[in-house]
$ cat my_file-v9.txt   # compact mmCIF, C-alpha atoms
# COMPACT_ATOMS: atom_id res chain seq x y z
CA LYS A 1 -24.18 -16.37 -33.93
CA GLN A 2 -23.89 -13.10 -35.84
CA GLU A 3 -26.33 -10.41 -34.70
CA VAL A 4 -26.81 -7.32 -36.87
CA THR A 5 -28.53 -4.20 -35.56
CA GLN A 6 -29.57 -1.14 -37.52
CA ILE A 7 -30.34 2.19 -35.93
CA PRO A 8 -32.60 4.08 -36.35
CA ALA A 9 -35.48 1.86 -37.46
CA ALA A 10 -37.06 4.76 -39.33
CA LEU A 11 -35.97 8.20 -40.45
CA SER A 12 -37.85 11.10 -42.03
CA VAL A 13 -35.92 14.06 -43.43
CA PRO A 14 -36.58 17.02 -45.73
CA GLU A 15 -35.13 16.90 -49.21
CA GLY A 16 -31.52 18.01 -49.37
CA GLU A 17 -30.55 16.85 -45.91
CA ASN A 18 -27.74 14.32 -45.49
CA LEU A 19 -28.64 10.86 -44.23
CA VAL A 20 -26.63 8.79 -41.74
CA LEU A 21 -27.59 5.14 -41.29
CA ASN A 22 -25.88 2.95 -38.72
CA CYS A 23 -25.20 -0.78 -38.62
CA SER A 24 -23.52 -2.80 -35.89
CA PHE A 25 -22.55 -6.47 -35.78
CA THR A 26 -21.35 -8.75 -33.02
CA ASP A 27 -18.81 -11.02 -34.74
CA SER A 28 -15.89 -9.28 -36.42
CA ALA A 29 -14.88 -12.41 -38.38
CA ILE A 30 -16.55 -11.24 -41.57
CA TYR A 31 -15.68 -11.62 -45.25
CA ASN A 32 -17.36 -8.38 -46.32
CA LEU A 33 -20.30 -6.08 -45.58
CA GLN A 34 -22.88 -4.99 -48.10
CA TRP A 35 -25.53 -2.27 -48.09
CA PHE A 36 -28.77 -2.84 -49.96
CA ARG A 37 -31.84 -0.85 -50.79
CA GLN A 38 -35.31 -2.40 -50.92
CA ASP A 39 -38.42 -0.77 -52.34
CA PRO A 40 -41.80 -2.10 -51.16
CA GLY A 41 -42.54 -5.58 -52.49
CA LYS A 42 -39.31 -5.70 -54.48
CA GLY A 43 -36.01 -7.51 -54.28
CA LEU A 44 -32.80 -6.07 -52.88
CA THR A 45 -30.62 -3.69 -54.88
CA SER A 46 -26.94 -3.69 -54.02
CA LEU A 47 -25.59 -0.23 -53.15
CA LEU A 48 -22.08 -0.73 -51.83
CA LEU A 49 -19.80 -3.62 -50.94
CA ILE A 50 -16.96 -3.17 -48.47
CA GLN A 51 -14.39 -5.93 -48.20
CA SER A 52 -13.21 -6.78 -44.69
CA SER A 53 -9.79 -5.24 -45.44
CA GLN A 54 -11.29 -1.91 -46.56
CA ARG A 55 -12.27 1.06 -44.43
CA GLU A 56 -14.45 2.94 -46.89
CA GLN A 57 -16.27 2.68 -50.21
CA THR A 58 -17.89 5.42 -52.27
CA SER A 59 -20.34 5.52 -55.14
CA GLY A 60 -21.80 8.84 -56.23
CA ARG A 61 -23.70 10.38 -53.31
CA LEU A 62 -23.19 7.25 -51.22
CA ASN A 63 -20.32 6.59 -48.87
CA ALA A 64 -19.98 3.64 -46.52
CA SER A 65 -17.41 3.12 -43.80
CA LEU A 66 -16.41 -0.06 -42.00
CA ASP A 67 -14.74 -0.44 -38.62
CA LYS A 68 -14.41 -4.19 -38.30
CA SER A 69 -12.73 -4.14 -34.89
CA SER A 70 -15.63 -2.25 -33.29
CA GLY A 71 -18.27 -4.03 -35.39
CA ARG A 72 -19.69 -0.93 -37.03
CA SER A 73 -20.57 0.39 -40.46
CA THR A 74 -22.16 3.67 -41.46
CA LEU A 75 -23.88 4.57 -44.70
CA TYR A 76 -23.91 8.26 -45.63
CA ILE A 77 -26.23 9.56 -48.33
CA ALA A 78 -25.51 13.14 -49.33
CA ALA A 79 -28.14 15.66 -50.43
CA SER A 80 -31.11 13.31 -50.10
CA GLN A 81 -33.85 13.22 -52.73
CA PRO A 82 -37.43 11.89 -52.60
CA GLY A 83 -36.27 8.99 -54.79
CA ASP A 84 -34.02 7.88 -51.93
CA SER A 85 -37.11 6.88 -49.94
CA ALA A 86 -36.77 3.13 -49.32
CA THR A 87 -35.67 0.61 -46.73
CA TYR A 88 -31.91 0.30 -46.37
CA LEU A 89 -30.46 -3.02 -45.23
CA CYS A 90 -27.03 -3.84 -43.94
CA ALA A 91 -25.77 -7.41 -44.48
CA VAL A 92 -22.68 -9.04 -43.05
CA ASN A 93 -21.13 -11.88 -45.03
CA GLY A 94 -19.58 -14.74 -43.11
CA ASP A 95 -19.74 -18.55 -43.10
CA TYR A 96 -21.29 -18.63 -46.60
CA LYS A 97 -24.33 -16.60 -45.64
CA LEU A 98 -25.55 -13.04 -45.22
CA SER A 99 -26.82 -11.93 -41.83
CA PHE A 100 -29.18 -8.99 -42.16
CA GLY A 101 -30.23 -6.18 -39.92
CA ALA A 102 -33.93 -5.28 -39.69
CA GLY A 103 -33.36 -2.24 -41.88
CA THR A 104 -33.84 1.52 -41.68
CA THR A 105 -36.91 2.87 -43.47
CA VAL A 106 -36.12 6.28 -44.92
CA THR A 107 -38.66 8.87 -46.02
CA VAL A 108 -37.40 11.97 -47.82
CA ARG A 109 -40.02 14.73 -47.85
CA ALA A 110 -40.20 16.99 -50.90
CA LYS B 1 -25.30 -9.35 -68.16
CA ALA B 2 -28.72 -10.57 -67.18
CA GLY B 3 -29.54 -10.36 -63.50
CA VAL B 4 -30.86 -13.02 -61.16
CA THR B 5 -34.12 -14.47 -62.40
CA GLN B 6 -36.67 -16.01 -60.08
CA THR B 7 -39.77 -17.86 -61.22
CA PRO B 8 -42.61 -17.71 -60.65
CA ARG B 9 -43.07 -14.19 -59.30
CA TYR B 10 -46.29 -15.00 -57.48
CA LEU B 11 -47.81 -18.21 -56.14
CA ILE B 12 -50.93 -19.05 -54.21
CA LYS B 13 -51.01 -22.50 -52.62
CA THR B 14 -53.25 -24.36 -50.20
CA ARG B 15 -52.07 -25.65 -46.83
CA GLY B 16 -50.57 -29.11 -47.14
CA GLN B 17 -49.46 -28.68 -50.74
CA GLN B 18 -45.86 -28.48 -51.85
CA VAL B 19 -44.15 -25.84 -53.96
CA THR B 20 -40.96 -25.51 -56.00
CA LEU B 21 -39.29 -22.17 -56.64
CA SER B 22 -36.61 -21.62 -59.25
CA CYS B 23 -33.61 -19.31 -59.44
CA SER B 24 -31.25 -18.65 -62.35
CA PRO B 25 -28.10 -16.87 -61.18
CA ILE B 26 -25.99 -14.32 -62.99
CA SER B 27 -23.86 -16.00 -65.63
CA GLY B 28 -20.57 -17.14 -64.14
CA HIS B 29 -21.76 -17.08 -60.53
CA ARG B 30 -21.46 -20.45 -58.83
CA SER B 31 -22.84 -19.50 -55.41
CA VAL B 32 -26.59 -19.31 -54.94
CA SER B 33 -28.33 -18.66 -51.64
CA TRP B 34 -31.95 -18.43 -50.55
CA TYR B 35 -33.65 -16.17 -48.00
CA GLN B 36 -37.13 -15.88 -46.56
CA GLN B 37 -38.48 -12.43 -45.83
CA THR B 38 -41.49 -11.84 -43.58
CA PRO B 39 -42.68 -8.67 -41.81
CA GLY B 40 -42.17 -10.24 -38.40
CA GLN B 41 -38.82 -12.02 -38.85
CA GLY B 42 -37.11 -9.94 -41.51
CA LEU B 43 -34.65 -11.66 -43.82
CA GLN B 44 -33.66 -15.14 -42.73
CA PHE B 45 -31.10 -17.39 -44.39
CA LEU B 46 -32.34 -20.72 -45.76
CA PHE B 47 -29.36 -22.33 -47.51
CA GLU B 48 -26.37 -21.72 -49.76
CA TYR B 49 -25.03 -23.80 -52.61
CA PHE B 50 -21.73 -23.68 -54.45
CA SER B 51 -21.02 -25.96 -57.39
CA GLU B 52 -23.94 -28.24 -56.43
CA THR B 53 -22.78 -28.58 -52.79
CA GLN B 54 -24.71 -27.16 -49.87
CA ARG B 55 -22.20 -25.26 -47.75
CA ASN B 56 -24.53 -23.86 -45.12
CA LYS B 57 -28.11 -24.26 -43.99
CA GLY B 58 -30.27 -22.01 -41.86
CA ASN B 59 -32.51 -22.94 -38.97
CA PHE B 60 -35.58 -24.08 -40.87
CA PRO B 61 -37.53 -27.34 -40.62
CA GLY B 62 -36.76 -30.24 -42.95
CA ARG B 63 -39.80 -29.31 -45.05
CA PHE B 64 -37.54 -26.74 -46.67
CA SER B 65 -35.02 -28.19 -49.10
CA GLY B 66 -32.98 -27.07 -52.03
CA ARG B 67 -30.62 -28.15 -54.71
CA GLN B 68 -28.31 -26.74 -57.31
CA PHE B 69 -27.74 -28.05 -60.80
CA SER B 70 -24.54 -28.26 -62.80
CA ASN B 71 -25.44 -25.03 -64.66
CA SER B 72 -25.69 -23.27 -61.25
CA ARG B 73 -29.46 -22.88 -61.45
CA SER B 74 -31.10 -23.64 -58.13
CA GLU B 75 -34.46 -24.75 -56.87
CA MET B 76 -35.98 -24.74 -53.43
CA ASN B 77 -38.87 -26.91 -52.37
CA VAL B 78 -41.27 -26.53 -49.48
CA SER B 79 -43.42 -29.53 -48.66
CA THR B 80 -46.57 -29.69 -46.53
CA LEU B 81 -47.11 -25.95 -46.68
CA GLU B 82 -48.25 -24.08 -43.59
CA LEU B 83 -49.88 -20.66 -43.33
CA GLY B 84 -46.68 -19.35 -41.75
CA ASP B 85 -44.71 -20.16 -44.91
CA SER B 86 -46.34 -17.17 -46.62
CA ALA B 87 -43.43 -14.89 -47.41
CA LEU B 88 -41.24 -13.33 -50.05
CA TYR B 89 -38.55 -15.84 -51.03
CA LEU B 90 -35.40 -14.23 -52.35
CA CYS B 91 -32.54 -15.82 -54.21
CA ALA B 92 -29.08 -14.30 -54.45
CA SER B 93 -26.14 -15.20 -56.62
CA SER B 94 -22.71 -14.20 -55.42
CA SER B 95 -19.20 -13.57 -56.59
CA SER B 96 -16.24 -11.70 -55.17
CA LEU B 97 -18.14 -8.53 -56.16
CA GLY B 98 -20.92 -9.27 -53.70
CA ALA B 99 -24.42 -10.72 -53.60
CA PHE B 100 -27.06 -9.83 -56.15
CA PHE B 101 -30.70 -10.56 -55.59
CA GLY B 102 -33.60 -11.48 -57.78
CA GLN B 103 -37.04 -9.86 -57.52
CA GLY B 104 -38.30 -12.70 -55.37
CA THR B 105 -41.23 -15.09 -55.39
CA ARG B 106 -44.22 -14.01 -53.34
CA LEU B 107 -45.76 -17.16 -51.85
CA THR B 108 -49.20 -16.99 -50.26
CA VAL B 109 -50.51 -20.05 -48.43
CA VAL B 110 -54.27 -20.13 -47.88
$ encode --input "my_file-v9.txt" --output "structure tokens"
Amino acid sequence: KQEVTQIPAALSVPEGENLVLNCSFTDSAIYNLQWFRQDPGKGLTSLLLIQSSQREQTSGRLNASLDKSSGRSTLYIAASQPGDSATYLCAVNGDYKLSFGAGTTVTVRA
Amino acid sequence: KAGVTQTPRYLIKTRGQQVTLSCSPISGHRSVSWYQQTPGQGLQFLFEYFSETQRNKGNFPGRFSGRQFSNSRSEMNVSTLELGDSALYLCASSSSLGAFFGQGTRLTVV
């Protein structure tokens, strides 16, 4: 059974600081890994998708890495802004389903 | 392209009743999956459909069922509602570009 862990559970930083969010998973037989953002009471917004054969993916201020052999992914958000405040979820795709971590709740202080 | 559409957005039901939730995927996507999100359990996988076939099912009681139609639209049904079924139900449609979620249906059982 795939277990996904996200550390830390919560993070509070001043505006402008870089954010580092960690995700680990137990089964390396994955199809891809996806990072999502969720605002309170809303659905999930896709941020980045990394295929199992890729090591890294970038979009604007966001960069995600994947080390499948060690079961780890890291999401970097550069120069954080108050609008980045949200819960960030890591999801591992395998066996026709997504397995989610519990998320990291980020607060960026103005 | 229109995103994933879930209806209704909000529902209030009484214990013992049944409910049907609907999901219209992104045009061209043939995979639709359903997730339950609660504060205590996080995001849990319910089931996944591809071209009207269920390919995987999560660990939920038989009261939870789903189906997919030939136009890829999907419905999920919960019978004999319990208080613990109160949750945000999220639908995702998927392609090789990843999973994309709707805004969810907030179900409250009273």
$ residues_around --input "my_file-v9.txt" --residues "segment 20-30 of chain B" --least-positions-apart "5" --cutoff "6 Å" --atoms "all atoms listed in the file" --output "number ranges by chain"
B: 3-7, 50-51, 72-77, 93-95
$ interface_residues --input "my_file-v9.txt" --of "chain A" --to "chain B" --cutoff "6 Å" --atoms "only C-alpha atoms" --output "count of residues only"
4
$ closest_residue --input "my_file-v9.txt" --among "A:Gln2, A:Ile7, A:Ser24, A:Glu17" --to "Gly71 of chain A" --atoms "all atoms listed in the file"
A:Ser24
$ axis_aligned_box --input "my_file-v9.txt" --around "segment 54-65 of chain B" --padding-each-side "5 Å" --output "lines of an AutoDock Vina configuration file"
center_x = -31.0
center_y = -26.1
center_z = -44.4
size_x = 27.6
size_y = 18.2
size_z = 20.9
$ residues_around --input "my_file-v9.txt" --residues "Gly83 of chain A" --least-positions-apart "4" --cutoff "10 Å" --atoms "all atoms listed in the file" --output "mmCIF file with C-alpha atoms, keeping the file's coordinate frame"
data_model
loop_
_atom_site.group_PDB
_atom_site.id
_atom_site.type_symbol
_atom_site.label_atom_id
_atom_site.label_comp_id
_atom_site.auth_asym_id
_atom_site.auth_seq_id
_atom_site.Cartn_x
_atom_site.Cartn_y
_atom_site.Cartn_z
ATOM 1 C CA GLU A 15 -35.130 16.900 -49.210
ATOM 2 C CA THR A 107 -38.660 8.870 -46.020
ATOM 3 C CA VAL A 108 -37.400 11.970 -47.820
ATOM 4 C CA ARG A 109 -40.020 14.730 -47.850
ATOM 5 C CA ALA A 110 -40.200 16.990 -50.900
#
$ residues_near_point --input "my_file-v9.txt" --point "(-19.9, -3.6, -49.5)" --cutoff "6 Å" --atoms "all atoms listed in the file" --output "list in words"
Leu33, Gln34, Trp35, Leu48, Leu49 and Ile50 of chain A
$ residues_around --input "my_file-v9.txt" --residues "Lys13 of chain B" --least-positions-apart "3" --cutoff "9 Å" --atoms "only C-alpha atoms" --output "mmCIF file with C-alpha atoms, keeping the file's coordinate frame"
data_model
loop_
_atom_site.group_PDB
_atom_site.id
_atom_site.type_symbol
_atom_site.label_atom_id
_atom_site.label_comp_id
_atom_site.auth_asym_id
_atom_site.auth_seq_id
_atom_site.Cartn_x
_atom_site.Cartn_y
_atom_site.Cartn_z
ATOM 1 C CA GLY B 16 -50.570 -29.110 -47.140
ATOM 2 C CA GLN B 17 -49.460 -28.680 -50.740
ATOM 3 C CA GLN B 18 -45.860 -28.480 -51.850
ATOM 4 C CA VAL B 19 -44.150 -25.840 -53.960
ATOM 5 C CA LEU B 81 -47.110 -25.950 -46.680
ATOM 6 C CA LEU B 107 -45.760 -17.160 -51.850
ATOM 7 C CA THR B 108 -49.200 -16.990 -50.260
ATOM 8 C CA VAL B 109 -50.510 -20.050 -48.430
ATOM 9 C CA VAL B 110 -54.270 -20.130 -47.880
#
$ closest_residue --input "my_file-v9.txt" --among "A:Pro14, A:Arg72, A:Thr5, A:Gly41" --to "Arg55 of chain A" --atoms "only C-alpha atoms"
A:Arg72
